[in-house]
>>> print(open('data_23.txt').read())   # compact mmCIF, C-alpha atoms
# COMPACT_ATOMS: atom_id res chain seq x y z
CA MET A 1 82.80 113.95 80.45
CA ASN A 2 81.16 110.64 79.57
CA ASN A 3 78.09 110.12 81.76
CA GLU A 4 77.39 106.57 80.58
CA PHE A 5 77.94 103.75 83.03
CA TYR A 6 76.86 100.17 83.62
CA THR A 7 75.33 98.54 86.70
CA LEU A 8 76.68 95.46 88.48
CA GLN A 9 73.93 93.27 89.92
CA PRO A 10 74.21 91.19 93.14
CA ASP A 11 73.77 87.87 91.34
CA SER A 12 76.90 88.60 89.26
CA PHE A 13 78.87 88.01 92.46
CA GLY A 14 76.70 85.30 93.98
CA LEU A 15 74.93 87.69 96.33
CA ASN A 16 71.38 86.70 97.26
CA GLN A 17 69.13 86.20 100.30
CA LYS A 18 71.11 83.15 101.39
CA THR A 19 74.59 84.48 100.62
CA ASN A 20 74.48 88.21 101.25
CA PHE A 21 78.22 88.98 101.38
CA GLN A 22 81.43 88.11 99.56
CA MET A 23 85.11 88.82 100.23
CA LEU A 24 87.25 89.30 97.11
CA PHE A 25 90.87 90.11 96.34
CA TYR A 26 91.70 91.99 93.14
CA HIS A 27 94.86 93.01 91.37
CA GLN A 28 92.80 95.80 89.87
CA SER A 29 93.19 97.14 86.35
CA ASP A 30 91.50 100.32 85.14
CA ILE A 31 87.73 99.99 85.26
CA GLU A 32 85.15 102.20 83.57
CA ALA A 33 82.46 104.12 85.41
CA HIS A 34 79.89 101.78 86.92
CA THR A 35 77.42 101.44 89.74
CA HIS A 36 76.11 98.46 91.69
CA ALA A 37 73.10 97.28 93.67
CA PHE A 38 75.12 96.35 96.78
CA PHE A 39 77.57 97.99 99.18
CA GLU A 40 81.28 97.78 98.52
CA LEU A 41 83.85 98.15 101.31
CA VAL A 42 87.25 98.72 99.67
CA TYR A 43 90.72 98.56 101.22
CA ILE A 44 93.78 99.44 99.11
CA LEU A 45 96.59 96.95 99.69
CA SER A 46 99.25 98.26 97.30
CA GLY A 47 99.96 100.58 94.41
CA SER A 48 98.06 103.68 93.39
CA ALA A 49 95.17 104.78 91.18
CA VAL A 50 92.89 107.71 90.50
CA HIS A 51 89.40 107.11 91.87
CA SER A 52 86.44 109.04 90.45
CA HIS A 53 83.41 108.78 92.72
CA ASP A 54 80.13 110.65 92.17
CA GLY A 55 81.88 113.73 90.80
CA THR A 56 84.85 113.74 93.18
CA THR A 57 88.38 112.66 92.27
CA GLN A 58 90.88 111.17 94.73
CA MET A 59 94.32 109.61 94.46
CA LEU A 60 94.35 106.22 96.17
CA SER A 61 97.34 104.56 97.81
CA ALA A 62 98.03 101.68 100.19
CA GLY A 63 96.10 101.99 103.45
CA ASP A 64 93.19 103.99 102.03
CA TYR A 65 89.71 102.56 102.56
CA PHE A 66 86.14 103.64 101.83
CA ILE A 67 82.55 102.50 101.26
CA ILE A 68 80.75 102.76 97.93
CA ASP A 69 77.03 103.29 98.50
CA ILE A 70 74.39 101.46 96.52
CA GLY A 71 73.80 103.43 93.31
CA SER A 72 77.01 105.46 93.51
CA VAL A 73 79.01 105.78 90.30
CA HIS A 74 82.76 105.25 90.44
CA SER A 75 85.77 104.23 88.34
CA TYR A 76 89.50 103.50 88.66
CA GLN A 77 92.09 104.98 86.27
CA THR A 78 95.87 104.98 85.78
CA GLY A 79 96.34 102.13 88.27
CA GLU A 80 99.91 101.05 88.99
CA ASP A 81 100.54 97.75 90.85
CA PHE A 82 97.06 98.34 92.24
CA SER A 83 95.61 95.64 94.49
CA LEU A 84 92.72 95.73 96.96
CA TYR A 85 90.33 93.87 99.20
CA ASN A 86 86.68 94.17 98.19
CA PHE A 87 84.01 93.21 100.73
CA LEU A 88 80.65 93.16 98.96
CA PHE A 89 77.46 93.00 100.99
CA LEU A 90 73.73 93.56 100.88
CA PRO A 91 72.30 95.75 103.68
CA GLU A 92 70.50 92.77 105.24
CA PHE A 93 73.90 91.24 105.97
CA LEU A 94 74.06 93.57 108.98
CA ASP A 95 70.41 93.22 109.98
CA GLU A 96 67.30 91.77 108.32
CA THR A 97 65.40 95.03 108.95
CA MET A 98 67.86 97.01 106.81
CA VAL A 99 66.53 95.92 103.42
CA GLY A 100 66.27 99.09 101.35
CA CYS A 101 69.18 100.96 102.96
CA THR A 102 71.39 102.47 100.27
CA SER A 103 73.97 104.67 102.06
CA PHE A 104 76.63 104.57 104.74
CA LYS A 105 74.67 107.12 106.77
CA GLU A 106 71.59 104.86 106.69
CA LEU A 107 73.69 101.90 107.84
CA ILE A 108 74.85 103.93 110.83
CA ARG A 109 71.32 105.11 111.63
CA HIS A 110 69.73 101.66 111.45
CA CYS A 111 72.27 99.32 112.99
CA MET A 112 73.85 101.68 115.50
CA TYR A 113 70.83 103.57 116.82
CA ARG A 114 72.67 104.75 119.93
CA TYR A 115 74.76 107.01 117.66
CA ASN A 116 71.82 108.59 115.84
CA LYS A 117 72.22 112.03 117.40
CA ILE A 118 75.91 112.04 116.54
CA SER A 119 75.57 110.79 112.97
CA LEU A 120 72.65 112.90 111.75
CA GLY A 121 74.78 115.90 110.75
CA LEU A 122 77.80 114.05 109.43
CA ASP A 123 78.98 114.49 105.85
CA THR A 124 79.77 110.87 104.95
CA GLU A 125 79.43 110.99 101.16
CA ASN A 126 82.53 110.11 99.13
CA ARG A 127 84.73 110.16 102.23
CA LEU A 128 88.17 108.60 101.97
CA PHE A 129 89.76 107.18 105.12
CA HIS A 130 93.34 106.13 105.82
CA ASP A 131 94.43 103.26 108.04
CA THR A 132 96.97 105.11 110.18
CA ASP A 133 97.56 102.35 112.74
CA GLY A 134 96.99 99.21 110.63
CA ARG A 135 93.89 98.13 112.55
CA ILE A 136 91.59 98.19 109.50
CA LEU A 137 94.01 95.98 107.57
CA GLN A 138 93.96 93.50 110.46
CA ILE A 139 90.16 93.44 110.32
CA MET A 140 90.10 93.00 106.54
CA GLU A 141 92.56 90.11 106.80
CA LEU A 142 90.38 88.49 109.48
CA LEU A 143 87.34 88.96 107.20
CA HIS A 144 89.23 87.31 104.36
CA GLN A 145 90.20 84.40 106.59
CA GLU A 146 86.69 83.90 108.01
CA CYS A 147 85.08 84.06 104.56
CA HIS A 148 87.57 81.53 103.21
CA GLU A 149 87.45 79.02 106.08
CA GLN A 150 83.73 79.41 106.96
CA LYS A 151 84.08 77.76 110.34
CA LEU A 152 81.28 77.61 112.89
CA GLY A 153 80.03 81.14 113.66
CA PHE A 154 81.86 82.81 110.78
CA TYR A 155 78.77 84.80 109.74
CA ASP A 156 78.43 86.44 113.18
CA ILE A 157 82.17 87.13 113.34
CA CYS A 158 82.06 88.80 109.91
CA GLN A 159 79.09 90.94 111.00
CA ASN A 160 80.94 92.17 114.07
CA LEU A 161 84.13 92.86 112.13
CA VAL A 162 82.27 94.99 109.58
CA LEU A 163 80.44 96.81 112.38
CA GLU A 164 83.79 97.67 113.95
CA ILE A 165 84.94 99.19 110.65
CA LEU A 166 81.72 101.20 110.35
CA ILE A 167 82.10 102.55 113.89
CA ARG A 168 85.73 103.49 113.25
CA MET A 169 84.69 105.24 110.03
CA MET A 170 82.03 107.20 111.90
CA ARG A 171 84.55 108.07 114.63
CA ASN A 172 87.04 109.31 112.04
CA THR A 173 84.33 111.32 110.30
CA LEU A 174 83.54 113.07 113.57
CA GLU A 175 87.20 113.70 114.31
CA GLU A 176 87.86 115.16 110.86
CA GLU A 177 84.83 117.50 110.72
CA PRO A 178 86.29 121.01 111.13
CA ASP A 179 82.92 122.76 110.90
CA GLN A 180 81.88 121.02 114.12
CA LYS A 181 85.24 121.82 115.74
CA LEU A 182 85.86 118.09 115.95
CA LEU A 183 89.27 117.89 114.35
CA SER A 184 90.92 114.65 115.40
CA GLU A 185 92.17 114.61 118.96
CA GLN A 186 94.53 111.82 117.99
CA TYR A 187 96.75 114.41 116.27
CA PRO A 188 98.78 117.11 118.06
CA GLN A 189 97.41 120.63 117.68
CA PRO A 190 100.06 121.73 115.14
CA ILE A 191 99.02 118.86 112.83
CA GLN A 192 95.34 119.73 113.21
CA GLN A 193 96.17 123.33 112.32
CA ALA A 194 98.27 122.25 109.35
CA LEU A 195 95.62 119.92 107.90
CA LEU A 196 92.99 122.64 108.08
CA TYR A 197 95.33 125.28 106.65
CA PHE A 198 96.46 123.08 103.76
CA SER A 199 92.86 122.19 102.83
CA GLU A 200 92.09 125.92 102.50
CA HIS A 201 95.30 126.93 100.67
CA LEU A 202 95.83 124.40 97.87
CA SER A 203 96.40 127.24 95.41
CA ASP A 204 99.29 128.68 97.44
CA SER A 205 102.73 128.22 95.91
CA SER A 206 104.42 127.88 99.33
CA PRO A 207 101.74 126.68 101.78
CA ILE A 208 104.15 124.93 104.16
CA SER A 209 106.38 127.98 104.62
CA ASN A 210 103.35 130.27 104.86
CA PHE A 211 101.75 128.05 107.50
CA CYS A 212 104.95 127.80 109.55
CA ASP A 213 105.54 131.56 109.38
CA ALA A 214 101.95 132.38 110.35
CA ASN A 215 102.01 130.01 113.32
CA HIS A 216 105.65 130.47 114.40
CA TYR A 217 106.69 126.85 113.77
CA SER A 218 109.94 125.77 112.22
CA ARG A 219 109.55 123.86 108.96
CA GLU A 220 111.76 121.07 110.31
CA TYR A 221 109.51 120.65 113.38
CA ILE A 222 106.31 120.45 111.31
CA SER A 223 107.87 118.04 108.82
CA ARG A 224 109.04 115.73 111.59
CA LEU A 225 105.69 115.89 113.41
CA PHE A 226 103.74 115.39 110.18
CA LYS A 227 105.77 112.33 109.19
CA LYS A 228 105.32 110.81 112.66
CA ASN A 229 101.53 111.29 112.78
CA ILE A 230 100.38 111.16 109.13
CA GLY A 231 103.00 108.78 107.79
CA ILE A 232 104.16 111.04 104.96
CA THR A 233 105.84 114.45 104.78
CA PRO A 234 103.88 117.70 104.30
CA VAL A 235 105.37 117.95 100.80
CA GLU A 236 104.09 114.48 99.86
CA TYR A 237 100.69 115.17 101.44
CA LEU A 238 100.22 118.45 99.58
CA ARG A 239 101.42 116.98 96.29
CA LYS A 240 98.78 114.25 96.60
CA LYS A 241 96.01 116.72 97.49
CA LYS A 242 96.97 119.09 94.69
CA MET A 243 96.91 116.26 92.14
CA GLU A 244 93.49 115.13 93.40
CA HIS A 245 92.22 118.68 92.87
CA ALA A 246 93.85 118.79 89.43
CA CYS A 247 92.15 115.54 88.41
CA LEU A 248 88.81 116.94 89.47
CA LEU A 249 89.30 120.12 87.44
CA LEU A 250 90.56 118.21 84.40
CA SER A 251 87.54 115.90 84.41
CA THR A 252 84.83 118.45 85.22
CA THR A 253 85.94 121.72 83.58
CA THR A 254 87.37 123.00 80.30
CA LEU A 255 90.03 125.13 81.99
CA ARG A 256 93.41 125.25 80.28
CA VAL A 257 96.10 123.11 81.89
CA SER A 258 98.06 126.26 82.74
CA SER A 259 95.05 127.64 84.65
CA ILE A 260 94.62 124.37 86.52
CA ALA A 261 98.31 124.40 87.39
CA GLU A 262 97.89 127.89 88.85
CA GLN A 263 94.84 126.82 90.90
CA CYS A 264 96.93 123.97 92.30
CA GLY A 265 99.72 126.27 93.43
CA TYR A 266 102.17 125.74 90.55
CA GLN A 267 103.73 128.90 89.17
CA ASP A 268 104.62 127.25 85.87
CA ASP A 269 102.72 124.50 84.12
CA LYS A 270 105.91 122.66 83.10
CA THR A 271 106.56 121.68 86.75
CA PHE A 272 102.89 120.83 87.13
CA ARG A 273 102.90 118.60 84.04
CA THR A 274 106.07 116.82 85.18
CA THR A 275 104.68 116.21 88.68
CA PHE A 276 101.36 115.02 87.29
CA LYS A 277 102.97 112.50 84.95
CA THR A 278 105.38 111.29 87.65
CA LEU A 279 102.52 110.53 90.05
CA LEU A 280 99.83 109.32 87.62
CA GLY A 281 101.88 107.92 84.75
CA ILE A 282 100.09 110.00 82.10
CA THR A 283 99.98 113.68 81.15
CA PRO A 284 97.17 116.03 82.25
CA THR A 285 95.83 116.09 78.68
CA GLU A 286 95.84 112.29 78.45
CA TYR A 287 94.00 112.11 81.76
CA ARG A 288 91.39 114.62 80.58
CA ASN A 289 90.85 112.68 77.36
CA SER A 290 90.42 109.43 79.30
CA THR A 291 87.51 110.90 81.26
CA LYS A 292 85.53 111.99 78.19
>>> encode(input="data_23.txt", output="C-alpha cells")
Amino acid sequence: MNNEFYTLQPDSFGLNQKTNFQMLFYHQSDIEAHTHAFFELVYILSGSAVHSHDGTTQMLSAGDYFIIDIGSVHSYQTGEDFSLYNFLFLPEFLDETMVGCTSFKELIRHCMYRYNKISLGLDTENRLFHDTDGRILQIMELLHQECHEQKLGFYDICQNLVLEILIRMMRNTLEEEPDQKLLSEQYPQPIQQALLYFSEHLSDSSPISNFCDANHYSREYISRLFKKNIGITPVEYLRKKKMEHACLLLSTTTLRVSSIAEQCGYQDDKTFRTTFKTLLGITPTEYRNSTK
C-alpha cells in the first residue's frame, strides 16, 4: 500500500487567527491520501464512496458523518454522485484555550469539561456516525446558512451548532460501546442484539438466519424492526459491513480474493466479486491496485 500523502495547510482554505472556520460544499471526486493541520467535520449528502482513514476502510453513504482529526490520513475512492458538506475549523474556533488540540477526544475534554469522566474511556478514533433522525443535517444546513449570510452573532451561533454535533457524537459513542454495556437505548433490544451479533459474525454465510434461530425471532420480524430503526434492511446492512471489511483486507493484506470472500461470509468468490463491483463500481482486484 502506498504510504505517501500530502498535507493541506490552513491558509490553503483561508483559515487563520481571524478566520478560524470555513463551511464548504463539494461534489467530491476521488482524492488521494492526505492529511491536514485543521479539523474537518464531514457530512455525506448524497452518493457513495470508499473512505480510507488511518488504516480503516468504510463505505460512506448519505447521512453518514464524522470528524477527521488533525494529522489523520484519509482518502476517498470509487465515489459515485458523491457530495458532502465540509466544515473546516481550527481548535481555537471552539475556545481560545484549545490551541494545540488535535483530536476529537481532546475537543470533548477541553470544551465540555463536565463530561470528562464519561469521555475518558471512549474509543472515538475513526468512528463513523449515521444521522438516523435528520437532526445533524438540519444543523449542517444551519451552519451553511450562517456562514454564508454572516449576520450579527453568526460566529457564536456556529460555535453552538458545532458543540451540539460534538455532544451528539459523544452520546452516540457511549450508546454504541458494547464493552461498557452501553448499547444504544434508542433501539429496541432485538436490534441491539442483532447489531452486536452481526459485528461478531461477518464471516458467517447466513448470519441473519443464525441470529434469528439462536434468539427465537422470525426473520420477517427482525427485518421489519431493522428497517424501521436503522433505515435499511439487515441484508443491506450486512452487505455494507462485509464490503467495508473486504476493502480493509484488500488494502492491507496480500490474501487471495477467494480467501477474502470466505472471510466476508461468501461461499464462492464469484458472488463476492459481483456484489463488490455492484456496490463499488470496480472489481476487488482493481480496488486493491488503486490502493498501492
>>> residues_around(input="data_23.txt", residues="Ser259 in chain A", least_positions_apart="5", cutoff="10 Å", atoms="only C-alpha atoms", output="PyMOL selection string")
chain A and resi 249+254+264+266-269
>>> residues_around(input="data_23.txt", residues="Cys147 in chain A", least_positions_apart="2", cutoff="12 Å", atoms="all atoms listed in the file", output="ChimeraX atom specification")
/A:19-25,87-88,140-145,149-159,161
>>> closest_residue(input="data_23.txt", among="A:Phe82, A:Phe129, A:Phe104, A:Tyr76", to="Glu40 in chain A", atoms="all atoms listed in the file")
A:Phe104
>>> residues_around(input="data_23.txt", residues="range 57-65 of chain A", least_positions_apart="6", cutoff="9 Å", atoms="only C-alpha atoms", output="ChimeraX atom specification")
/A:41-51,82-84,128-132,134,136-137,240-241,243-249,251,280
>>> atom_distance(input="data_23.txt", atom1="CA of Pro10 in chain A", atom2="CA of Ile67 in chain A")
16.2 Å
>>> atom_distance(input="data_23.txt", atom1="CA of Ser72 in chain A", atom2="CA of Ile139 in chain A")
24.5 Å
>>> atom_distance(input="data_23.txt", atom1="CA of Asp133 in chain A", atom2="CA of Asp54 in chain A")
28.2 Å
>>> closest_residue(input="data_23.txt", among="A:Thr291, A:Gln189, A:Gln263, A:Asn160", to="Asp204 in chain A", atoms="only C-alpha atoms")
A:Gln263
>>> build_atoms(input="data_23.txt", residues="range 35-60 of chain A", atoms="N, CA, C and O atoms", output="short mmCIF file (atom, residue, chain, number, x, y, z; two decimals), in the frame of the given file")
data_model
loop_
_atom_site.label_atom_id
_atom_site.label_comp_id
_atom_site.auth_asym_id
_atom_site.auth_seq_id
_atom_site.Cartn_x
_atom_site.Cartn_y
_atom_site.Cartn_z
N THR A 35 78.12 101.39 88.46
CA THR A 35 77.42 101.44 89.74
C THR A 35 77.01 100.01 90.09
O THR A 35 77.19 99.10 89.29
N HIS A 36 76.52 99.81 91.31
CA HIS A 36 76.11 98.46 91.69
C HIS A 36 74.99 98.50 92.71
O HIS A 36 74.78 99.50 93.42
N ALA A 37 74.27 97.39 92.79
CA ALA A 37 73.10 97.28 93.67
C ALA A 37 73.46 96.59 94.98
O ALA A 37 72.69 95.81 95.53
N PHE A 38 74.64 96.88 95.50
CA PHE A 38 75.12 96.35 96.78
C PHE A 38 76.18 97.31 97.30
O PHE A 38 76.68 98.17 96.58
N PHE A 39 76.51 97.17 98.59
CA PHE A 39 77.57 97.99 99.18
C PHE A 39 78.93 97.37 98.86
O PHE A 39 79.05 96.16 98.70
N GLU A 40 79.92 98.23 98.80
CA GLU A 40 81.28 97.78 98.52
C GLU A 40 82.22 98.46 99.53
O GLU A 40 82.33 99.69 99.56
N LEU A 41 82.85 97.65 100.37
CA LEU A 41 83.85 98.15 101.31
C LEU A 41 85.22 97.83 100.72
O LEU A 41 85.57 96.66 100.53
N VAL A 42 85.99 98.87 100.41
CA VAL A 42 87.25 98.72 99.67
C VAL A 42 88.43 99.09 100.56
O VAL A 42 88.39 100.12 101.25
N TYR A 43 89.48 98.26 100.52
CA TYR A 43 90.72 98.56 101.22
C TYR A 43 91.87 98.41 100.23
O TYR A 43 92.04 97.34 99.62
N ILE A 44 92.68 99.46 100.06
CA ILE A 44 93.78 99.44 99.11
C ILE A 44 95.00 98.78 99.76
O ILE A 44 95.50 99.26 100.78
N LEU A 45 95.46 97.70 99.15
CA LEU A 45 96.59 96.95 99.69
C LEU A 45 97.93 97.45 99.16
O LEU A 45 98.93 97.49 99.89
N SER A 46 97.99 97.81 97.89
CA SER A 46 99.25 98.26 97.30
C SER A 46 99.00 99.10 96.07
O SER A 46 97.90 99.10 95.51
N GLY A 47 100.04 99.82 95.64
CA GLY A 47 99.96 100.58 94.41
C GLY A 47 99.20 101.88 94.55
O GLY A 47 98.97 102.39 95.66
N SER A 48 98.77 102.40 93.42
CA SER A 48 98.06 103.68 93.39
C SER A 48 97.11 103.70 92.20
O SER A 48 97.27 102.95 91.24
N ALA A 49 96.13 104.58 92.27
CA ALA A 49 95.17 104.78 91.18
C ALA A 49 94.41 106.07 91.43
O ALA A 49 94.39 106.59 92.55
N VAL A 50 93.79 106.58 90.38
CA VAL A 50 92.89 107.71 90.50
C VAL A 50 91.47 107.17 90.59
O VAL A 50 91.05 106.37 89.76
N HIS A 51 90.76 107.59 91.62
CA HIS A 51 89.40 107.11 91.87
C HIS A 51 88.42 108.26 91.63
O HIS A 51 88.49 109.30 92.29
N SER A 52 87.52 108.09 90.68
CA SER A 52 86.44 109.04 90.45
C SER A 52 85.17 108.47 91.08
O SER A 52 84.80 107.33 90.82
N HIS A 53 84.52 109.29 91.91
CA HIS A 53 83.41 108.78 92.72
C HIS A 53 82.34 109.85 92.86
O HIS A 53 82.52 110.83 93.58
N ASP A 54 81.24 109.70 92.11
CA ASP A 54 80.13 110.65 92.17
C ASP A 54 80.59 112.10 92.03
O ASP A 54 80.17 112.98 92.80
N GLY A 55 81.47 112.36 91.07
CA GLY A 55 81.88 113.73 90.80
C GLY A 55 83.11 114.19 91.55
O GLY A 55 83.60 115.29 91.29
N THR A 56 83.61 113.39 92.50
CA THR A 56 84.85 113.74 93.18
C THR A 56 85.99 112.88 92.64
O THR A 56 85.76 111.79 92.13
N THR A 57 87.21 113.38 92.76
CA THR A 57 88.38 112.66 92.27
C THR A 57 89.41 112.57 93.39
O THR A 57 89.73 113.59 94.03
N GLN A 58 89.91 111.38 93.65
CA GLN A 58 90.88 111.17 94.73
C GLN A 58 92.00 110.25 94.23
O GLN A 58 91.76 109.35 93.44
N MET A 59 93.20 110.50 94.72
CA MET A 59 94.32 109.61 94.46
C MET A 59 94.39 108.58 95.57
O MET A 59 94.47 108.92 96.75
N LEU A 60 94.34 107.31 95.20
CA LEU A 60 94.35 106.22 96.17
C LEU A 60 95.75 105.65 96.32
O LEU A 60 96.50 105.55 95.36
#
